[in-house]
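The file final-v3.txt comes next; it holds compact mmCIF, C-alpha atoms.
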```txt
# COMPACT_ATOMS: atom_id res chain seq x y z
CA LEU A 155 8.67 12.62 5.19
CA ASP A 156 12.08 13.98 6.09
CA GLU A 157 15.32 12.05 5.76
CA ALA A 158 15.66 11.34 9.49
CA ARG A 159 12.24 9.67 9.65
CA ARG A 160 12.83 7.78 6.40
CA ASN A 161 16.03 6.40 7.87
CA LYS A 162 14.14 5.51 11.04
CA VAL A 163 11.63 3.46 9.03
CA ARG A 164 14.46 1.52 7.39
CA GLU A 165 16.25 1.04 10.71
CA GLU A 166 13.15 -0.24 12.51
CA LEU A 167 12.23 -2.68 9.73
CA ALA A 168 15.77 -3.72 8.74
CA PRO A 169 16.05 -6.94 10.83
CA LEU A 170 12.86 -8.41 9.37
CA MET A 171 13.40 -7.09 5.85
CA ALA A 172 16.77 -8.87 5.92
CA GLU A 173 14.90 -12.14 6.56
CA SER A 174 12.47 -11.57 3.69
CA ARG A 175 12.90 -14.25 1.06
CA VAL A 176 13.97 -12.88 -2.34
CA LEU A 177 13.08 -15.18 -5.23
CA ASP A 178 15.42 -15.27 -8.22
CA GLU A 179 13.20 -17.37 -10.49
CA ASP A 180 10.15 -15.48 -11.72
CA ASP A 181 6.79 -16.82 -12.84
CA PRO A 182 5.08 -14.13 -14.98
CA LYS A 183 1.69 -15.32 -13.72
CA ASP A 184 2.56 -14.69 -10.06
CA PHE A 185 0.98 -11.59 -8.56
CA PHE A 186 4.25 -10.62 -6.81
CA PRO A 187 7.30 -10.45 -9.08
CA ALA A 188 10.55 -12.10 -8.07
CA ARG A 189 13.56 -10.04 -6.97
CA THR A 190 11.56 -8.15 -4.38
CA ARG A 191 11.49 -8.00 -0.59
CA ARG A 192 8.14 -7.69 1.18
CA MET A 193 6.84 -7.67 4.73
CA SER A 194 3.62 -6.68 6.47
CA ALA A 195 2.52 -6.18 10.11
CA LEU A 196 4.42 -2.88 10.04
CA VAL A 197 2.63 -1.29 13.00
CA THR A 198 3.99 -4.04 15.24
CA HIS A 199 7.57 -3.44 14.19
CA SER A 200 7.82 0.31 13.49
CA ASP A 201 6.67 3.23 15.62
CA THR A 202 7.44 5.53 12.70
CA VAL A 203 5.07 3.66 10.40
CA GLY A 204 2.45 4.03 13.13
CA GLU A 205 2.93 7.78 12.82
CA LEU A 206 2.46 7.53 9.05
CA VAL A 207 -0.84 5.69 9.54
CA LEU A 208 -2.10 8.79 11.38
CA ASP A 209 -0.59 11.31 8.95
CA PRO A 210 -3.02 14.28 8.83
CA HIS A 211 -3.06 14.36 5.02
CA ALA A 212 -3.95 10.66 4.83
CA GLN A 213 -6.59 10.94 7.54
CA ASP A 214 -8.15 14.00 5.86
CA LEU A 215 -8.36 12.18 2.52
CA CYS A 216 -9.93 9.15 4.20
CA ASP A 217 -12.47 11.38 5.95
CA ARG A 218 -13.46 13.04 2.69
CA ILE A 219 -13.47 9.94 0.47
CA LEU A 220 -14.45 7.07 2.77
CA LEU A 221 -16.75 8.51 5.44
CA PRO A 222 -19.63 9.09 2.97
CA ASN A 223 -19.64 5.29 2.44
CA GLY A 224 -18.89 4.20 5.99
CA GLU A 225 -20.78 5.42 9.02
CA HIS A 226 -18.43 3.35 11.20
CA GLY A 227 -15.39 5.40 10.21
CA HIS A 228 -12.30 4.02 8.46
CA GLN A 229 -9.45 1.73 9.40
CA LEU A 230 -6.04 0.53 8.31
CA HIS A 231 -6.61 -2.13 5.66
CA ILE A 232 -3.06 -3.24 4.79
CA SER A 233 0.53 -2.28 5.52
CA ALA A 234 3.57 -3.40 3.54
CA ALA A 235 7.21 -2.52 3.09
CA LEU A 236 8.25 -3.17 -0.50
CA GLU A 237 11.75 -3.19 -1.95
CA ILE A 238 11.83 -3.67 -5.71
CA GLY A 239 15.20 -5.06 -6.78
CA PRO A 240 17.15 -4.79 -10.03
CA GLY A 241 15.68 -7.07 -12.69
CA ALA A 242 12.18 -7.24 -11.17
CA ARG A 243 9.46 -7.35 -13.84
CA ARG A 244 6.46 -5.08 -14.02
CA GLN A 245 3.65 -6.17 -11.70
CA ILE A 246 0.22 -7.05 -13.06
CA LEU A 247 -2.03 -3.99 -12.92
CA HIS A 248 -4.76 -4.48 -10.32
CA ARG A 249 -7.34 -2.74 -8.15
CA ASP A 250 -7.21 -2.81 -4.35
CA HIS A 251 -10.93 -3.43 -3.93
CA GLU A 252 -11.19 -6.48 -6.24
CA SER A 253 -12.04 -8.87 -3.40
CA PHE A 254 -15.31 -7.01 -2.68
CA SER A 255 -17.11 -8.50 -5.64
CA PHE A 256 -20.60 -7.97 -4.22
CA PHE A 257 -20.41 -4.40 -5.62
CA PRO A 258 -20.78 -3.97 -9.39
CA ASP A 259 -18.08 -2.03 -11.25
CA PRO A 260 -17.34 0.78 -11.02
CA LYS A 261 -17.52 0.26 -7.26
CA PRO A 262 -18.06 2.96 -4.62
CA ASN A 263 -15.06 4.32 -2.78
CA ILE A 264 -14.37 1.81 -0.02
CA ILE A 265 -10.54 1.89 -0.09
CA VAL A 266 -7.90 4.64 -0.25
CA ALA A 267 -4.23 3.66 -0.59
CA ALA A 268 -0.98 5.49 0.04
CA MET A 269 2.59 4.77 -1.05
CA TRP A 270 5.33 6.54 0.87
CA ALA A 271 8.61 6.85 -1.03
CA ILE A 272 11.45 5.90 1.30
CA THR A 273 13.86 6.19 -1.63
CA ASP A 274 13.46 8.08 -4.92
CA PHE A 275 10.83 6.59 -7.22
CA ARG A 276 11.96 6.72 -10.86
CA ALA A 277 10.56 5.32 -14.09
CA ASP A 278 13.58 2.99 -14.35
CA ASN A 279 13.67 1.66 -10.77
CA GLY A 280 10.13 0.36 -10.36
CA ALA A 281 8.08 3.45 -9.50
CA THR A 282 4.44 2.54 -8.88
CA LEU A 283 2.45 2.59 -12.12
CA VAL A 284 -1.00 4.20 -12.00
CA VAL A 285 -3.82 4.56 -14.53
CA PRO A 286 -5.60 7.84 -13.70
CA GLY A 287 -9.36 7.72 -14.13
CA SER A 288 -9.53 3.92 -14.20
CA HIS A 289 -11.67 3.90 -11.04
CA THR A 290 -14.59 4.94 -13.31
CA TRP A 291 -14.07 2.16 -15.88
CA GLU A 292 -16.02 -1.00 -16.41
CA LYS A 293 -14.10 -4.02 -15.15
CA GLU A 294 -13.44 -5.44 -18.63
CA ARG A 295 -11.66 -2.36 -19.95
CA LYS A 296 -7.88 -2.80 -20.24
CA ALA A 297 -5.39 0.04 -19.90
CA LYS A 298 -3.54 1.12 -23.03
CA ASP A 299 0.19 1.79 -22.76
CA ASP A 300 -0.28 5.56 -23.06
CA GLU A 301 -2.74 5.52 -20.12
CA VAL A 302 -0.21 4.08 -17.65
CA TYR A 303 2.02 6.55 -15.81
CA PRO A 304 5.00 5.94 -13.48
CA SER A 305 4.70 7.81 -10.18
CA LYS A 306 8.06 9.52 -10.35
CA MET A 307 8.65 11.25 -7.01
CA PRO A 308 11.54 12.13 -4.71
CA ALA A 309 12.11 10.30 -1.43
CA GLY A 310 9.74 11.54 1.24
CA SER A 311 6.79 12.01 -1.12
CA ALA A 312 3.48 10.20 -0.82
CA LEU A 313 1.22 8.95 -3.62
CA PHE A 314 -2.49 8.41 -2.95
CA TRP A 315 -4.98 6.52 -5.12
CA LEU A 316 -8.52 5.18 -4.90
CA GLY A 317 -9.25 1.49 -4.43
CA GLY A 318 -10.65 1.34 -7.94
CA THR A 319 -7.54 2.76 -9.61
CA LEU A 320 -5.46 0.32 -11.65
CA HIS A 321 -1.88 0.30 -10.41
CA GLY A 322 1.14 -1.94 -9.86
CA ALA A 323 4.89 -1.83 -9.30
CA GLY A 324 6.90 -0.92 -12.37
CA ALA A 325 9.78 -2.92 -13.79
CA ASN A 326 13.17 -2.18 -12.24
CA VAL A 327 15.73 -1.90 -15.03
CA SER A 328 18.20 0.06 -12.86
CA ASN A 329 20.88 -1.11 -10.45
CA ASP A 330 19.08 0.35 -7.41
CA TRP A 331 16.59 -1.08 -4.94
CA ARG A 332 13.39 0.98 -4.78
CA TYR A 333 11.91 1.15 -1.25
CA GLY A 334 8.33 2.12 -0.46
CA VAL A 335 5.84 1.73 2.37
CA ALA A 336 2.27 1.01 1.30
CA LEU A 337 -0.63 1.80 3.64
CA GLY A 338 -4.21 1.04 2.62
CA TYR A 339 -7.31 2.30 4.40
CA SER A 340 -10.86 0.96 4.16
CA VAL A 341 -14.33 1.81 5.41
CA GLY A 342 -14.87 0.45 8.89
CA TRP A 343 -17.55 -2.11 8.06
CA ILE A 344 -15.50 -4.43 5.82
CA ARG A 345 -12.97 -7.02 6.88
CA GLN A 346 -9.39 -5.81 6.66
CA GLU A 347 -7.16 -7.58 4.14
CA GLU A 348 -4.39 -7.73 6.74
CA ASN A 349 -5.34 -9.70 9.86
CA ILE A 350 -4.51 -6.86 12.23
CA TYR A 351 -5.38 -8.82 15.38
CA LEU A 352 -2.70 -11.42 14.64
CA ASP A 353 -0.23 -8.95 13.16
CA VAL A 354 -0.66 -6.48 16.02
CA PRO A 355 -1.37 -8.67 19.07
CA PRO A 356 -3.05 -7.23 22.18
CA GLU A 357 0.21 -6.79 24.09
CA ARG A 358 1.57 -4.61 21.28
CA ALA A 359 -1.74 -2.78 20.85
CA ALA A 360 -1.64 -1.89 24.56
CA GLU A 361 1.56 0.10 23.88
CA LEU A 362 -0.03 2.21 21.12
CA SER A 363 -1.88 5.48 21.47
CA ALA A 364 -5.67 5.31 21.66
CA GLU A 365 -5.80 7.11 18.30
CA LEU A 366 -3.59 4.54 16.59
CA ARG A 367 -5.41 1.60 18.22
CA LYS A 368 -8.68 2.92 16.80
CA ALA A 369 -7.10 3.46 13.37
CA ILE A 370 -5.97 -0.17 13.10
CA GLY A 371 -9.35 -1.54 14.20
CA TYR A 372 -9.09 -1.90 17.98
CA SER A 373 -12.17 0.25 18.49
CA MET A 374 -14.28 -1.78 20.93
```
Written as structure tokens, how would this file's structure read?
Amino acid sequence: LDEARRNKVREELAPLMAESRVLDEDDPKDFFPARTRRMSALVTHSDTVGELVLDPHAQDLCDRILLPNGEHGHQLHISAALEIGPGARRQILHRDHESFSFFPDPKPNIIVAAMWAITDFRADNGATLVVPGSHTWEKERKAKDDEVYPSKMPAGSALFWLGGTLHGAGANVSNDWRYGVALGYSVGWIRQEENIYLDVPPERAAELSAELRKAIGYSM
């Protein structure tokens, strides 16, 4: 993702990101750490994010990984802009498919996630932590420290992981804000985690391409 389009993402989302509440007091048990900005409903507010949803690399991965488990295709599952601020703690490691408990672990591939780096992701500024191979583990197995890797990558890169992969935002011990856009995709027969039909109302959906409307779930 080139610099011009990264800047466009920030520009399109800036008014609402500025309104995002940043907590100073942190509760270690909270899923989302304090000192972060977050917003969803990105397709409503950013044409550039809409282009990212349809990125050919992402769509190809979803075709290869999700279509074998979903005869109804795949869809956008979540969208989020995430700025990790200085002093934010490490997020609790988690799996994106945890809410689908009717499958035993390890679960089939029903979710693929992407993180687009709008700024550089470094080990010291909260780069997403991933545990490679953890999608094959039993649920009770915990990750050891030497199994957790920061996704260090320059701005413009994209990180993809399976719904069963343990991951979470790293601690930000730098003086910089780390900015990423997370897009999750799921098989077409499960309910999306993000309520797309409230987040992208019909009047906004009518402005989108037929391809993007289908990708976010407006397929009937």
Original post:
Hey, which of A:Leu196, A:Ile350, A:Ile232, A:Leu362 ends up closest to Ala168 (chain A)? Count only C-alpha atoms.
Top reply: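 Ranking A:Leu196, A:Ile350, A:Ile232, A:Leu362 by distance to Ala168 (chain A), first place goes to A:Leu196.
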Original post:
Pick the closest to Ser200 (chain A) from A:Ala336, A:Leu215, A:Ile238, A:Val163: which is it, counting all atoms listed in the file?
Top reply: A:Val163
**OP:** Could you check which of A:Val197, A:Leu155, A:Ile265, A:Val207 is closest to Leu337 (chain A), using all atoms listed in the file?
**Re:**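 Closest to Leu337 (chain A) of all the choices is A:Val207.
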Select from region 227-280 of chain A every residue with an atom at most 12 Å from any atom of region 338-343 of chain A, then for each give the shortest pair of atoms and their distance in Å to one decimal, using all atoms listed in the file, rows by chain and rising number, as a Markdown table.
```
| residue | atom | partner | partner_atom | distance |
| --- | --- | --- | --- | --- |
| A:Gly227 | CA | A:Gly342 | CA | 5.1 |
| A:His228 | CA | A:Val341 | CA | 4.3 |
| A:Gln229 | CA | A:Tyr339 | CA | 5.5 |
| A:Leu230 | CA | A:Tyr339 | CA | 4.5 |
| A:His231 | CA | A:Tyr339 | CA | 4.7 |
| A:Ile232 | CA | A:Gly338 | CA | 4.9 |
| A:Ser233 | CA | A:Gly338 | CA | 6.5 |
| A:Ala234 | CA | A:Gly338 | CA | 9.0 |
| A:Ala235 | CA | A:Gly338 | CA | 12.0 |
| A:Arg249 | CA | A:Gly338 | CA | 11.8 |
| A:Asp250 | CA | A:Gly338 | CA | 8.5 |
| A:His251 | CA | A:Ser340 | CA | 9.2 |
| A:Phe254 | CA | A:Ser340 | CA | 11.4 |
| A:Pro262 | CA | A:Val341 | CA | 10.8 |
| A:Asn263 | CA | A:Val341 | CA | 8.6 |
| A:Ile264 | CA | A:Val341 | CA | 5.4 |
| A:Ile265 | CA | A:Ser340 | CA | 4.4 |
| A:Val266 | CA | A:Tyr339 | CA | 5.2 |
| A:Ala267 | CA | A:Gly338 | CA | 4.1 |
| A:Ala268 | CA | A:Gly338 | CA | 6.1 |
| A:Met269 | CA | A:Gly338 | CA | 8.6 |
| A:Trp270 | CA | A:Gly338 | CA | 11.2 |
```
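Interatomic distance, CA of Ala323 (chain A) against CA of Gly280 (chain A): 5.8 Å.
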Subject >> Minimum-distance residue to Ala281 (chain A), chosen among A:Arg244, A:Lys368, A:Arg191, A:Lys298 (using only C-alpha atoms) >> reply: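 Looking only at the distances to Ala281 (chain A), the closest residue turns out to be A:Arg244.
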